[in-house]
Amino acid sequence: MSYTSVYSAWAADPEGWWMEQSRAIDWVTPPSRALFADKAPIYEWFSDGLVNTCWNAVDRHVAAGRGAQVAIIHDSPVTGTIHRITYAELQDRVARLAGALAARGITKGDRVIIYMPMIPEALEAMLACARIGAIHSVVFGGFAAAELATRIEDARPKAIIAASCGIEPNRVVHYKPLLDGAIDLAAHKPDFCVIFQREQEVARLVDGRDLDWHGFQYGVPPADCVPVEGNHPAYILYTSGTTGQPKGVVRHTGGHLVALHWSMKNIFGVDPGEVFWAASDVGWVVGHSYICYAPLIHGNTTIVFEGKPVGTPDAGTFWRVIQDHRVASFFTAPTAFRAIKRDDPEGKLVGDYDLSSLRALYLAGERADPDTILWAQDKLKVPVIDHWWQTETGWPIAANPAGLELLPVKLGSPSVAMPGYDVQVLDEGGHPVPRGTLGAIAVKLPLPPGTLPTLWNAEGRFRAAYLSHFPGYYETGDAGYMDEDGYLYIMARTDDVINVAGHRLSTGAMEEVLAGHPDVAECAVIGVADTLKGQSPVGFLCLNKGCNRPYPEIVAETVKLVREKIGPVADFKKAVVVERLPKTRSGKILRATMVKIADGETFKVPATIDDPAILDEIRAALRGIGYAGG
Ligand code: COA
Ligand code: AMP
């Protein structure tokens with residue numbers, strides 16, 4: 001079927017089209033209709049259906065006689081191990097874990113925070129929550145205790161499931177002290193914690209609070225799948241916004257199942273039984289949607305890869321995994337390819353492996369630069385497909401739907417809108433702009449199934465952040481344009497979110513941390529262009545009057561502070577001390593101008609600037625740390 005015919009069929013009858021797609025899911029009670037618009041502009045999908053995610057991701061495949069198929073492959077170059085778990089084994093493991101959680105009082109609607117590295121137990125914990133209707137919130141391991149504490153405070157979990165440690169190439173990440181620290185910091189305390197002890201590090205358990213993963217499952221009956229409403233929250237995933245308070249993106253159960261299932265064949269081009277690999281982390285939305293849920297819902301084999309694109313042990317790791325597990329469709333971030341290309345520019349290692357199983361490479365998480373795409377196309381000899389989406393949407397807004405029809409690839413574009421998304425480019429007044437003109441990218445409401453219906457306990461913030469600027473639309477926070485053929489080009493964020501190595505970070509959150517340093521009077525953080533990571537954060541510090549401590553000492557302290565408060569993932573390593581920050585006459589810091597100076601781009605001095613001379617000081621400071629032509 002052609003993309004155009006499918007998109008037109010959706011556009012002609014969106015609700016009928018989604019009802020049709022919903023039939024691929026096993027419902028306990030099918031929904032009476034697709035869209036529930038009574039609270040518009042807050043929309044819900046399939047609200048009155050009854051369904052269970054774990055049943056659809058695990059049990060139904062066993063019931064269909066596919067229990068012996070491998071569901072999860074854990075390939076861990078950092079521990080030198082490979083394990084396979086079949087669907088039948090997964091069903092057994094998840095049912096027992098869910099039973100143990102239920103025996104300790106976890107029921108439908110309770111929140112459970114999961115703080116785990118890339119091990120199958122992370123997926124099992126997610127699925128066990130889904131099995132009993134608990135709402136999980138997975139927190140990425142690269143976040144520090146304070147970030148975990150913020151999430152504990154907001155989600156108010158009854159339980160936390162964690163591992164004793166994670167393994168980075170250069171160190172063991174001690175999860176348990178981070179967890180203990182976070183629980184100390186948070187006013188809300190979980191009833192209990194379940195700790196998966198890894199053999200690389202056995203953590204000390206707190207008496208009366210911490211339970212051993214295996215021990216607490218002993219002798220407990222396994223749990224059955226609990227049917228939940230289509231609009232029951234499946235999970236909360238926190239993502240960076242403009243401030244230090246992360247946004248708790250809510251995902252409803254019914255739409256999540258339907259949209260993810262549709263995407264596997266039509267976008268990612270795989271059939272049930274084939275191996276699909278997304279090299280990301282369960283802590284991010286890519287990990288939720290395309291390491292855990294979508295491949296399992298669709299009956300694929302998924303790979304949990306605990307390693308890096310380079311250094312574990314070399315830039316051929318990805319090719320080894322594709323060869324060894326016969327990966328059909330592979331998804332990663334462009335930054336991973338840039339890292340590989342840096343270590344193996346000619347792609348010599350590609351030739352050492354048999355990549356004949358691979359049909360396509362999918363890139364997302366940040367802009368896919370044409371050089372990276374061309375390099376990947378040349379070395380892998382498969383279509384390289386850029387696609388664009390966000391934590392909020394949970395599945396691609398724009399893609400090249402290779403499973404339906406491979407459209408011509410246009411470099412620099414994630415191709416076209418997927419069915420469900422009426423994407424428009426708007427001017428400041430909310431009017432659609434002509435093709436080829438830059439504007440704010442928005443999606444006409446309602447958003448499709450699988451996307452966020454609201455923010456956790458923060459409907460006001462949801463409306464203010466996404467719905468209020470352009471009434472009738474969802475504001476994506478990205479700017480760009482659409483060409484004559486309907487291809488989208490995503491050029492920049494319109495807010496203070498930056499993208500570092502495919503990780504979404506808030507400069508506002510970093511500024512809040514820097515402002516907490518006793519010598520810092522005022523500060524700004526910007527994202528400057530980085531050839532490996534896409535963007536890299538740089539801090540500007542104005543010190544308190546009379547502060548005469550050596551600058552390098554203060555800079556080092558601020559670097560340490562961001563690592564302690566936000567975590568190593570912030571990758572905040574560079575800051576400079578400046579006398580003043582460039583501002584408008586009304587006092588707004590001109591961050592966009594600072595970015596242009598750092599990146600060596602030409603720019604017009606803003607008419608509203610208070611004192612243009614400051615820009616030279618900023619340029620000199622940036623040159624001092626190797627930017628702006630320094
Ligand atoms: N737990 C703890 N720490 C973590 C972590 C985790 N799960 N993930 C990253 N970190 C730490 C790293 O160890 C590093 O710490 P350091 O400052 O002590 O070296 C820091 O966070 C920054 O990590 P990262 O951004 O991964 O940079 P890197 O220089 O170690 O590696 C790449 C560079 C390109 C290889 C790596 O960023 C990468 O694989 N990127 C792809 C990311 C991705 O797949 N994103 C998908 C989102 S869709
Ligand atoms: P996250 O919520 O972490 O997935 O980050 C989403 C943001 O990453 C988007 O709003 C974009 O700014 C950026 N992004 C993701 N995919 C792409 C892409 N293919 N091209 C350009 N930007 C992207």
# chains A, B, ... in the order shown; residues from 1 in each chain; ligands from 1
>>> select_by_dssp(residues="region 389-544 of chain A", states="strand (DSSP E)", output="PDB file with N, CA, C and O atoms, in the first residue's frame")
ATOM      1  N   ALA A 398       7.095  12.095  12.257  1.00  0.00           N
ATOM      2  CA  ALA A 398       7.460  12.071  10.835  1.00  0.00           C
ATOM      3  C   ALA A 398       8.476  10.972  10.613  1.00  0.00           C
ATOM      4  O   ALA A 398       9.348  10.751  11.449  1.00  0.00           O
ATOM      5  N   ALA A 399       8.341  10.282   9.515  1.00  0.00           N
ATOM      6  CA  ALA A 399       9.268   9.195   9.200  1.00  0.00           C
ATOM      7  C   ALA A 399       9.140   8.864   7.724  1.00  0.00           C
ATOM      8  O   ALA A 399       8.255   9.375   7.030  1.00  0.00           O
ATOM      9  N   VAL A 416       8.114  12.482   6.038  1.00  0.00           N
ATOM     10  CA  VAL A 416       6.744  13.010   6.017  1.00  0.00           C
ATOM     11  C   VAL A 416       5.949  12.644   7.270  1.00  0.00           C
ATOM     12  O   VAL A 416       6.321  11.737   8.011  1.00  0.00           O
ATOM     13  N   ALA A 417       4.819  13.347   7.464  1.00  0.00           N
ATOM     14  CA  ALA A 417       3.982  13.105   8.642  1.00  0.00           C
ATOM     15  C   ALA A 417       3.377  11.705   8.584  1.00  0.00           C
ATOM     16  O   ALA A 417       2.933  11.252   7.527  1.00  0.00           O
ATOM     17  N   VAL A 423       0.551  17.772  10.617  1.00  0.00           N
ATOM     18  CA  VAL A 423       1.643  18.671  11.007  1.00  0.00           C
ATOM     19  C   VAL A 423       1.551  19.979  10.227  1.00  0.00           C
ATOM     20  O   VAL A 423       1.377  19.963   9.001  1.00  0.00           O
ATOM     21  N   GLN A 424       1.665  21.071  10.950  1.00  0.00           N
ATOM     22  CA  GLN A 424       1.587  22.397  10.318  1.00  0.00           C
ATOM     23  C   GLN A 424       2.753  23.256  10.794  1.00  0.00           C
ATOM     24  O   GLN A 424       3.185  23.116  11.939  1.00  0.00           O
ATOM     25  N   VAL A 425       3.219  24.122   9.918  1.00  0.00           N
ATOM     26  CA  VAL A 425       4.260  25.068  10.314  1.00  0.00           C
ATOM     27  C   VAL A 425       3.584  26.428  10.462  1.00  0.00           C
ATOM     28  O   VAL A 425       2.909  26.891   9.539  1.00  0.00           O
ATOM     29  N   LEU A 426       3.733  27.041  11.647  1.00  0.00           N
ATOM     30  CA  LEU A 426       2.965  28.248  11.963  1.00  0.00           C
ATOM     31  C   LEU A 426       3.858  29.460  12.186  1.00  0.00           C
ATOM     32  O   LEU A 426       5.001  29.326  12.645  1.00  0.00           O
ATOM     33  N   GLY A 439       9.120  28.196  10.539  1.00  0.00           N
ATOM     34  CA  GLY A 439       8.129  28.552  11.555  1.00  0.00           C
ATOM     35  C   GLY A 439       8.148  27.547  12.691  1.00  0.00           C
ATOM     36  O   GLY A 439       9.006  26.661  12.738  1.00  0.00           O
ATOM     37  N   ALA A 440       7.180  27.713  13.588  1.00  0.00           N
ATOM     38  CA  ALA A 440       7.061  26.776  14.714  1.00  0.00           C
ATOM     39  C   ALA A 440       6.298  25.549  14.215  1.00  0.00           C
ATOM     40  O   ALA A 440       5.284  25.685  13.531  1.00  0.00           O
ATOM     41  N   ILE A 441       6.787  24.373  14.567  1.00  0.00           N
ATOM     42  CA  ILE A 441       6.107  23.166  14.089  1.00  0.00           C
ATOM     43  C   ILE A 441       5.074  22.745  15.124  1.00  0.00           C
ATOM     44  O   ILE A 441       5.372  22.607  16.314  1.00  0.00           O
ATOM     45  N   ALA A 442       3.847  22.592  14.649  1.00  0.00           N
ATOM     46  CA  ALA A 442       2.738  22.263  15.543  1.00  0.00           C
ATOM     47  C   ALA A 442       1.936  21.129  14.913  1.00  0.00           C
ATOM     48  O   ALA A 442       2.023  20.879  13.709  1.00  0.00           O
ATOM     49  N   VAL A 443       1.176  20.432  15.747  1.00  0.00           N
ATOM     50  CA  VAL A 443       0.330  19.343  15.248  1.00  0.00           C
ATOM     51  C   VAL A 443      -1.108  19.690  15.599  1.00  0.00           C
ATOM     52  O   VAL A 443      -1.410  20.016  16.768  1.00  0.00           O
ATOM     53  N   LYS A 444      -1.972  19.630  14.602  1.00  0.00           N
ATOM     54  CA  LYS A 444      -3.375  19.960  14.821  1.00  0.00           C
ATOM     55  C   LYS A 444      -3.982  18.940  15.783  1.00  0.00           C
ATOM     56  O   LYS A 444      -3.757  17.734  15.639  1.00  0.00           O
ATOM     57  N   TYR A 473      -3.818  23.567  18.491  1.00  0.00           N
ATOM     58  CA  TYR A 473      -2.635  22.807  18.081  1.00  0.00           C
ATOM     59  C   TYR A 473      -1.848  22.349  19.305  1.00  0.00           C
ATOM     60  O   TYR A 473      -1.897  22.956  20.380  1.00  0.00           O
ATOM     61  N   TYR A 474      -1.038  21.321  19.094  1.00  0.00           N
ATOM     62  CA  TYR A 474      -0.013  20.914  20.052  1.00  0.00           C
ATOM     63  C   TYR A 474       1.294  21.541  19.574  1.00  0.00           C
ATOM     64  O   TYR A 474       1.688  21.367  18.410  1.00  0.00           O
ATOM     65  N   GLU A 475       1.959  22.278  20.452  1.00  0.00           N
ATOM     66  CA  GLU A 475       3.206  22.944  20.086  1.00  0.00           C
ATOM     67  C   GLU A 475       4.368  21.989  20.354  1.00  0.00           C
ATOM     68  O   GLU A 475       4.571  21.571  21.500  1.00  0.00           O
ATOM     69  N   THR A 476       5.133  21.639  19.316  1.00  0.00           N
ATOM     70  CA  THR A 476       6.175  20.616  19.511  1.00  0.00           C
ATOM     71  C   THR A 476       7.419  21.166  20.201  1.00  0.00           C
ATOM     72  O   THR A 476       8.204  20.409  20.749  1.00  0.00           O
ATOM     73  N   GLY A 477       7.630  22.492  20.116  1.00  0.00           N
ATOM     74  CA  GLY A 477       8.870  23.059  20.670  1.00  0.00           C
ATOM     75  C   GLY A 477      10.007  23.020  19.655  1.00  0.00           C
ATOM     76  O   GLY A 477      11.110  23.455  19.929  1.00  0.00           O
ATOM     77  N   ASP A 478       9.716  22.489  18.478  1.00  0.00           N
ATOM     78  CA  ASP A 478      10.716  22.475  17.415  1.00  0.00           C
ATOM     79  C   ASP A 478      10.318  23.488  16.344  1.00  0.00           C
ATOM     80  O   ASP A 478       9.127  23.728  16.114  1.00  0.00           O
ATOM     81  N   ALA A 479      11.345  24.041  15.678  1.00  0.00           N
ATOM     82  CA  ALA A 479      11.094  24.955  14.568  1.00  0.00           C
ATOM     83  C   ALA A 479      11.654  24.335  13.302  1.00  0.00           C
ATOM     84  O   ALA A 479      12.605  23.549  13.365  1.00  0.00           O
ATOM     85  N   GLY A 480      11.070  24.676  12.184  1.00  0.00           N
ATOM     86  CA  GLY A 480      11.558  24.126  10.921  1.00  0.00           C
ATOM     87  C   GLY A 480      10.644  24.510   9.789  1.00  0.00           C
ATOM     88  O   GLY A 480       9.878  25.475   9.902  1.00  0.00           O
ATOM     89  N   TYR A 481      10.696  23.755   8.714  1.00  0.00           N
ATOM     90  CA  TYR A 481       9.828  24.057   7.583  1.00  0.00           C
ATOM     91  C   TYR A 481       9.409  22.774   6.864  1.00  0.00           C
ATOM     92  O   TYR A 481       9.943  21.694   7.141  1.00  0.00           O
ATOM     93  N   MET A 482       8.445  22.924   5.963  1.00  0.00           N
ATOM     94  CA  MET A 482       7.968  21.800   5.160  1.00  0.00           C
ATOM     95  C   MET A 482       8.175  22.164   3.690  1.00  0.00           C
ATOM     96  O   MET A 482       7.893  23.303   3.308  1.00  0.00           O
ATOM     97  N   LEU A 488       9.377  17.303   6.001  1.00  0.00           N
ATOM     98  CA  LEU A 488       9.660  18.236   7.095  1.00  0.00           C
ATOM     99  C   LEU A 488      11.166  18.394   7.292  1.00  0.00           C
ATOM    100  O   LEU A 488      11.924  17.441   7.065  1.00  0.00           O
ATOM    101  N   TYR A 489      11.561  19.559   7.753  1.00  0.00           N
ATOM    102  CA  TYR A 489      12.960  19.812   8.097  1.00  0.00           C
ATOM    103  C   TYR A 489      12.963  20.403   9.497  1.00  0.00           C
ATOM    104  O   TYR A 489      12.383  21.466   9.713  1.00  0.00           O
ATOM    105  N   ILE A 490      13.569  19.688  10.439  1.00  0.00           N
ATOM    106  CA  ILE A 490      13.570  20.126  11.842  1.00  0.00           C
ATOM    107  C   ILE A 490      14.878  20.859  12.086  1.00  0.00           C
ATOM    108  O   ILE A 490      15.957  20.254  11.985  1.00  0.00           O
ATOM    109  N   MET A 491      14.794  22.147  12.396  1.00  0.00           N
ATOM    110  CA  MET A 491      16.011  22.943  12.427  1.00  0.00           C
ATOM    111  C   MET A 491      16.499  23.282  13.831  1.00  0.00           C
ATOM    112  O   MET A 491      17.691  23.362  14.062  1.00  0.00           O
ATOM    113  N   ALA A 492      15.603  23.534  14.768  1.00  0.00           N
ATOM    114  CA  ALA A 492      16.060  23.998  16.087  1.00  0.00           C
ATOM    115  C   ALA A 492      14.926  23.894  17.094  1.00  0.00           C
ATOM    116  O   ALA A 492      13.758  23.755  16.710  1.00  0.00           O
ATOM    117  N   ARG A 493      15.270  23.981  18.360  1.00  0.00           N
ATOM    118  CA  ARG A 493      14.247  24.054  19.405  1.00  0.00           C
ATOM    119  C   ARG A 493      13.856  25.513  19.583  1.00  0.00           C
ATOM    120  O   ARG A 493      14.670  26.422  19.388  1.00  0.00           O
ATOM    121  N   VAL A 497      15.627  23.870  25.607  1.00  0.00           N
ATOM    122  CA  VAL A 497      16.036  22.466  25.632  1.00  0.00           C
ATOM    123  C   VAL A 497      17.186  22.281  24.653  1.00  0.00           C
ATOM    124  O   VAL A 497      17.163  22.822  23.553  1.00  0.00           O
ATOM    125  N   ILE A 498      18.224  21.555  25.102  1.00  0.00           N
ATOM    126  CA  ILE A 498      19.317  21.240  24.175  1.00  0.00           C
ATOM    127  C   ILE A 498      19.428  19.723  24.052  1.00  0.00           C
ATOM    128  O   ILE A 498      18.869  18.980  24.871  1.00  0.00           O
ATOM    129  N   ASN A 499      20.152  19.293  23.056  1.00  0.00           N
ATOM    130  CA  ASN A 499      20.242  17.871  22.761  1.00  0.00           C
ATOM    131  C   ASN A 499      21.713  17.472  22.719  1.00  0.00           C
ATOM    132  O   ASN A 499      22.439  17.838  21.811  1.00  0.00           O
ATOM    133  N   VAL A 500      22.163  16.758  23.735  1.00  0.00           N
ATOM    134  CA  VAL A 500      23.568  16.398  23.872  1.00  0.00           C
ATOM    135  C   VAL A 500      23.691  14.883  23.718  1.00  0.00           C
ATOM    136  O   VAL A 500      23.162  14.143  24.544  1.00  0.00           O
ATOM    137  N   HIS A 503      20.639  13.063  24.029  1.00  0.00           N
ATOM    138  CA  HIS A 503      19.956  13.181  25.316  1.00  0.00           C
ATOM    139  C   HIS A 503      19.355  14.573  25.435  1.00  0.00           C
ATOM    140  O   HIS A 503      20.027  15.567  25.200  1.00  0.00           O
ATOM    141  N   ARG A 504      18.087  14.610  25.838  1.00  0.00           N
ATOM    142  CA  ARG A 504      17.382  15.890  25.934  1.00  0.00           C
ATOM    143  C   ARG A 504      17.636  16.506  27.312  1.00  0.00           C
ATOM    144  O   ARG A 504      17.332  15.911  28.335  1.00  0.00           O
ATOM    145  N   LEU A 505      18.198  17.708  27.315  1.00  0.00           N
ATOM    146  CA  LEU A 505      18.582  18.347  28.580  1.00  0.00           C
ATOM    147  C   LEU A 505      18.060  19.773  28.623  1.00  0.00           C
ATOM    148  O   LEU A 505      17.879  20.413  27.594  1.00  0.00           O
ATOM    149  N   SER A 506      17.856  20.246  29.846  1.00  0.00           N
ATOM    150  CA  SER A 506      17.335  21.591  30.020  1.00  0.00           C
ATOM    151  C   SER A 506      18.450  22.525  30.467  1.00  0.00           C
ATOM    152  O   SER A 506      19.076  22.311  31.511  1.00  0.00           O
ATOM    153  N   VAL A 520      28.284  32.656  42.587  1.00  0.00           N
ATOM    154  CA  VAL A 520      27.658  33.018  41.307  1.00  0.00           C
ATOM    155  C   VAL A 520      26.478  33.973  41.539  1.00  0.00           C
ATOM    156  O   VAL A 520      25.536  33.641  42.265  1.00  0.00           O
ATOM    157  N   ALA A 521      26.573  35.145  40.912  1.00  0.00           N
ATOM    158  CA  ALA A 521      25.493  36.125  41.061  1.00  0.00           C
ATOM    159  C   ALA A 521      24.444  35.904  39.973  1.00  0.00           C
ATOM    160  O   ALA A 521      23.247  36.047  40.194  1.00  0.00           O
ATOM    161  N   GLU A 522      24.927  35.557  38.802  1.00  0.00           N
ATOM    162  CA  GLU A 522      24.029  35.421  37.650  1.00  0.00           C
ATOM    163  C   GLU A 522      24.683  34.468  36.657  1.00  0.00           C
ATOM    164  O   GLU A 522      25.923  34.366  36.616  1.00  0.00           O
ATOM    165  N   CYS A 523      23.882  33.783  35.880  1.00  0.00           N
ATOM    166  CA  CYS A 523      24.491  32.816  34.963  1.00  0.00           C
ATOM    167  C   CYS A 523      23.604  32.564  33.760  1.00  0.00           C
ATOM    168  O   CYS A 523      22.418  32.914  33.757  1.00  0.00           O
ATOM    169  N   ALA A 524      24.191  31.922  32.754  1.00  0.00           N
ATOM    170  CA  ALA A 524      23.420  31.459  31.591  1.00  0.00           C
ATOM    171  C   ALA A 524      24.092  30.197  31.090  1.00  0.00           C
ATOM    172  O   ALA A 524      25.313  30.038  31.213  1.00  0.00           O
ATOM    173  N   VAL A 525      23.288  29.287  30.555  1.00  0.00           N
ATOM    174  CA  VAL A 525      23.840  28.090  29.919  1.00  0.00           C
ATOM    175  C   VAL A 525      23.289  28.037  28.502  1.00  0.00           C
ATOM    176  O   VAL A 525      22.091  28.254  28.290  1.00  0.00           O
ATOM    177  N   ILE A 526      24.189  27.777  27.561  1.00  0.00           N
ATOM    178  CA  ILE A 526      23.735  27.627  26.166  1.00  0.00           C
ATOM    179  C   ILE A 526      24.244  26.294  25.615  1.00  0.00           C
ATOM    180  O   ILE A 526      25.177  25.705  26.169  1.00  0.00           O
ATOM    181  N   GLY A 527      23.652  25.844  24.522  1.00  0.00           N
ATOM    182  CA  GLY A 527      24.130  24.646  23.838  1.00  0.00           C
ATOM    183  C   GLY A 527      24.892  25.072  22.603  1.00  0.00           C
ATOM    184  O   GLY A 527      24.321  25.706  21.719  1.00  0.00           O
ATOM    185  N   VAL A 528      26.192  24.764  22.552  1.00  0.00           N
ATOM    186  CA  VAL A 528      26.973  25.133  21.370  1.00  0.00           C
ATOM    187  C   VAL A 528      27.184  23.898  20.505  1.00  0.00           C
ATOM    188  O   VAL A 528      27.135  22.774  20.996  1.00  0.00           O
ATOM    189  N   ALA A 529      27.417  24.131  19.218  1.00  0.00           N
ATOM    190  CA  ALA A 529      27.548  23.002  18.285  1.00  0.00           C
ATOM    191  C   ALA A 529      28.751  22.137  18.640  1.00  0.00           C
ATOM    192  O   ALA A 529      29.815  22.649  19.002  1.00  0.00           O
ATOM    193  N   ASP A 530      28.549  20.813  18.576  1.00  0.00           N
ATOM    194  CA  ASP A 530      29.618  19.881  18.895  1.00  0.00           C
ATOM    195  C   ASP A 530      29.647  18.803  17.812  1.00  0.00           C
ATOM    196  O   ASP A 530      28.606  18.222  17.493  1.00  0.00           O
ATOM    197  N   GLY A 534      26.495  16.701  18.811  1.00  0.00           N
ATOM    198  CA  GLY A 534      25.425  17.562  18.308  1.00  0.00           C
ATOM    199  C   GLY A 534      25.476  18.906  18.994  1.00  0.00           C
ATOM    200  O   GLY A 534      25.731  19.931  18.394  1.00  0.00           O
ATOM    201  N   GLN A 535      25.235  18.886  20.312  1.00  0.00           N
ATOM    202  CA  GLN A 535      25.373  20.103  21.105  1.00  0.00           C
ATOM    203  C   GLN A 535      26.121  19.770  22.389  1.00  0.00           C
ATOM    204  O   GLN A 535      26.143  18.616  22.830  1.00  0.00           O
ATOM    205  N   SER A 536      26.680  20.829  22.989  1.00  0.00           N
ATOM    206  CA  SER A 536      27.412  20.651  24.234  1.00  0.00           C
ATOM    207  C   SER A 536      27.103  21.869  25.113  1.00  0.00           C
ATOM    208  O   SER A 536      27.109  23.004  24.628  1.00  0.00           O
ATOM    209  N   PRO A 537      26.806  21.673  26.404  1.00  0.00           N
ATOM    210  CA  PRO A 537      26.452  22.834  27.221  1.00  0.00           C
ATOM    211  C   PRO A 537      27.673  23.655  27.628  1.00  0.00           C
ATOM    212  O   PRO A 537      28.725  23.095  27.925  1.00  0.00           O
ATOM    213  N   VAL A 538      27.526  24.965  27.608  1.00  0.00           N
ATOM    214  CA  VAL A 538      28.586  25.868  28.088  1.00  0.00           C
ATOM    215  C   VAL A 538      27.945  26.872  29.044  1.00  0.00           C
ATOM    216  O   VAL A 538      26.898  27.443  28.738  1.00  0.00           O
ATOM    217  N   GLY A 539      28.581  27.057  30.194  1.00  0.00           N
ATOM    218  CA  GLY A 539      28.037  27.974  31.197  1.00  0.00           C
ATOM    219  C   GLY A 539      28.767  29.311  31.201  1.00  0.00           C
ATOM    220  O   GLY A 539      29.973  29.378  30.952  1.00  0.00           O
ATOM    221  N   PHE A 540      28.027  30.356  31.485  1.00  0.00           N
ATOM    222  CA  PHE A 540      28.593  31.707  31.655  1.00  0.00           C
ATOM    223  C   PHE A 540      28.291  32.138  33.077  1.00  0.00           C
ATOM    224  O   PHE A 540      27.122  32.113  33.494  1.00  0.00           O
ATOM    225  N   LEU A 541      29.331  32.516  33.810  1.00  0.00           N
ATOM    226  CA  LEU A 541      29.144  32.832  35.220  1.00  0.00           C
ATOM    227  C   LEU A 541      29.508  34.288  35.490  1.00  0.00           C
ATOM    228  O   LEU A 541      30.610  34.729  35.139  1.00  0.00           O
ATOM    229  N   CYS A 542      28.604  35.044  36.096  1.00  0.00           N
ATOM    230  CA  CYS A 542      28.931  36.378  36.595  1.00  0.00           C
ATOM    231  C   CYS A 542      29.056  36.218  38.115  1.00  0.00           C
ATOM    232  O   CYS A 542      28.127  35.709  38.753  1.00  0.00           O
ATOM    233  N   LEU A 543      30.191  36.636  38.642  1.00  0.00           N
ATOM    234  CA  LEU A 543      30.435  36.377  40.062  1.00  0.00           C
ATOM    235  C   LEU A 543      29.950  37.534  40.940  1.00  0.00           C
ATOM    236  O   LEU A 543      29.802  38.679  40.478  1.00  0.00           O
TER     237      LEU A 543
END
>>> residues_around(residues="His288 (chain A)", least_positions_apart="3", cutoff="10 Å", atoms="only C-alpha atoms", output="ChimeraX atom specification")
/A:123,126,138,235,237,280-285,291-294,391,394
>>> write_last_selection(atoms="C-alpha atoms", output="PDB file, in the first residue's frame")
ATOM      1  CA  LEU A 123      11.957  -4.674  31.079  1.00  0.00           C
ATOM      2  CA  MET A 126       8.109  -2.544  33.521  1.00  0.00           C
ATOM      3  CA  VAL A 138      11.686   4.622  34.786  1.00  0.00           C
ATOM      4  CA  TYR A 235       3.552   4.936  32.678  1.00  0.00           C
ATOM      5  CA  LEU A 237       8.242   9.343  31.897  1.00  0.00           C
ATOM      6  CA  SER A 280      19.211   3.344  23.413  1.00  0.00           C
ATOM      7  CA  ASP A 281      18.438   3.072  27.130  1.00  0.00           C
ATOM      8  CA  VAL A 282      15.257   2.075  28.928  1.00  0.00           C
ATOM      9  CA  GLY A 283      15.456   5.423  30.729  1.00  0.00           C
ATOM     10  CA  TRP A 284      14.515   7.289  27.542  1.00  0.00           C
ATOM     11  CA  VAL A 285      11.358   7.157  25.478  1.00  0.00           C
ATOM     12  CA  ILE A 291      13.385  -1.616  23.337  1.00  0.00           C
ATOM     13  CA  CYS A 292      10.553  -2.750  25.569  1.00  0.00           C
ATOM     14  CA  TYR A 293       7.007  -2.309  24.387  1.00  0.00           C
ATOM     15  CA  ALA A 294       6.646  -2.125  20.598  1.00  0.00           C
ATOM     16  CA  THR A 391       9.064  11.787  24.575  1.00  0.00           C
ATOM     17  CA  GLY A 394       5.952   8.184  22.121  1.00  0.00           C
TER      18      GLY A 394
END
>>> closest_atom_pairs(of="chain A", to="ligand 1", cutoff="7 Å", atoms="only C-alpha atoms and all ligand atoms", output="Markdown table")
| residue | atom | partner | partner_atom_place_in_ligand_line | distance |
| --- | --- | --- | --- | --- |
| A:Pro117 | CA | ligand 1 | 7 (N) | 6.1 |
| A:Phe140 | CA | ligand 1 | 7 (N) | 6.2 |
| A:Gly141 | CA | ligand 1 | 1 (N) | 4.1 |
| A:Gly142 | CA | ligand 1 | 2 (C) | 3.5 |
| A:Phe143 | CA | ligand 1 | 2 (C) | 6.9 |
| A:Gly166 | CA | ligand 1 | 1 (N) | 6.3 |
| A:Glu168 | CA | ligand 1 | 13 (O) | 5.4 |
| A:Asn170 | CA | ligand 1 | 13 (O) | 7.0 |
| A:Val173 | CA | ligand 1 | 2 (C) | 5.8 |
| A:Ala279 | CA | ligand 1 | 44 (O) | 5.7 |
| A:Ser280 | CA | ligand 1 | 44 (O) | 4.1 |
| A:Asp281 | CA | ligand 1 | 46 (C) | 6.7 |
| A:Trp284 | CA | ligand 1 | 47 (C) | 6.3 |
| A:Val286 | CA | ligand 1 | 48 (S) | 5.3 |
| A:Lys308 | CA | ligand 1 | 39 (O) | 5.0 |
| A:Pro309 | CA | ligand 1 | 39 (O) | 5.4 |
| A:Val310 | CA | ligand 1 | 35 (C) | 5.9 |
| A:Thr332 | CA | ligand 1 | 44 (O) | 5.6 |
| A:Ala333 | CA | ligand 1 | 44 (O) | 5.0 |
| A:Thr335 | CA | ligand 1 | 34 (C) | 5.0 |
| A:Ala336 | CA | ligand 1 | 41 (C) | 4.7 |
| A:Ala339 | CA | ligand 1 | 34 (C) | 5.2 |
| A:Ala364 | CA | ligand 1 | 48 (S) | 6.3 |
| A:Gly365 | CA | ligand 1 | 48 (S) | 4.4 |
| A:Val500 | CA | ligand 1 | 25 (O) | 6.7 |
| A:Ala501 | CA | ligand 1 | 37 (O) | 4.6 |
| A:Gly502 | CA | ligand 1 | 45 (N) | 4.4 |
| A:His503 | CA | ligand 1 | 47 (C) | 5.4 |
| A:Leu532 | CA | ligand 1 | 34 (C) | 6.6 |
| A:Lys533 | CA | ligand 1 | 34 (C) | 6.1 |
| A:Pro568 | CA | ligand 1 | 21 (O) | 4.0 |
| A:Val569 | CA | ligand 1 | 21 (O) | 3.7 |
| A:Ala570 | CA | ligand 1 | 22 (C) | 6.8 |
| A:Asp571 | CA | ligand 1 | 22 (C) | 5.1 |
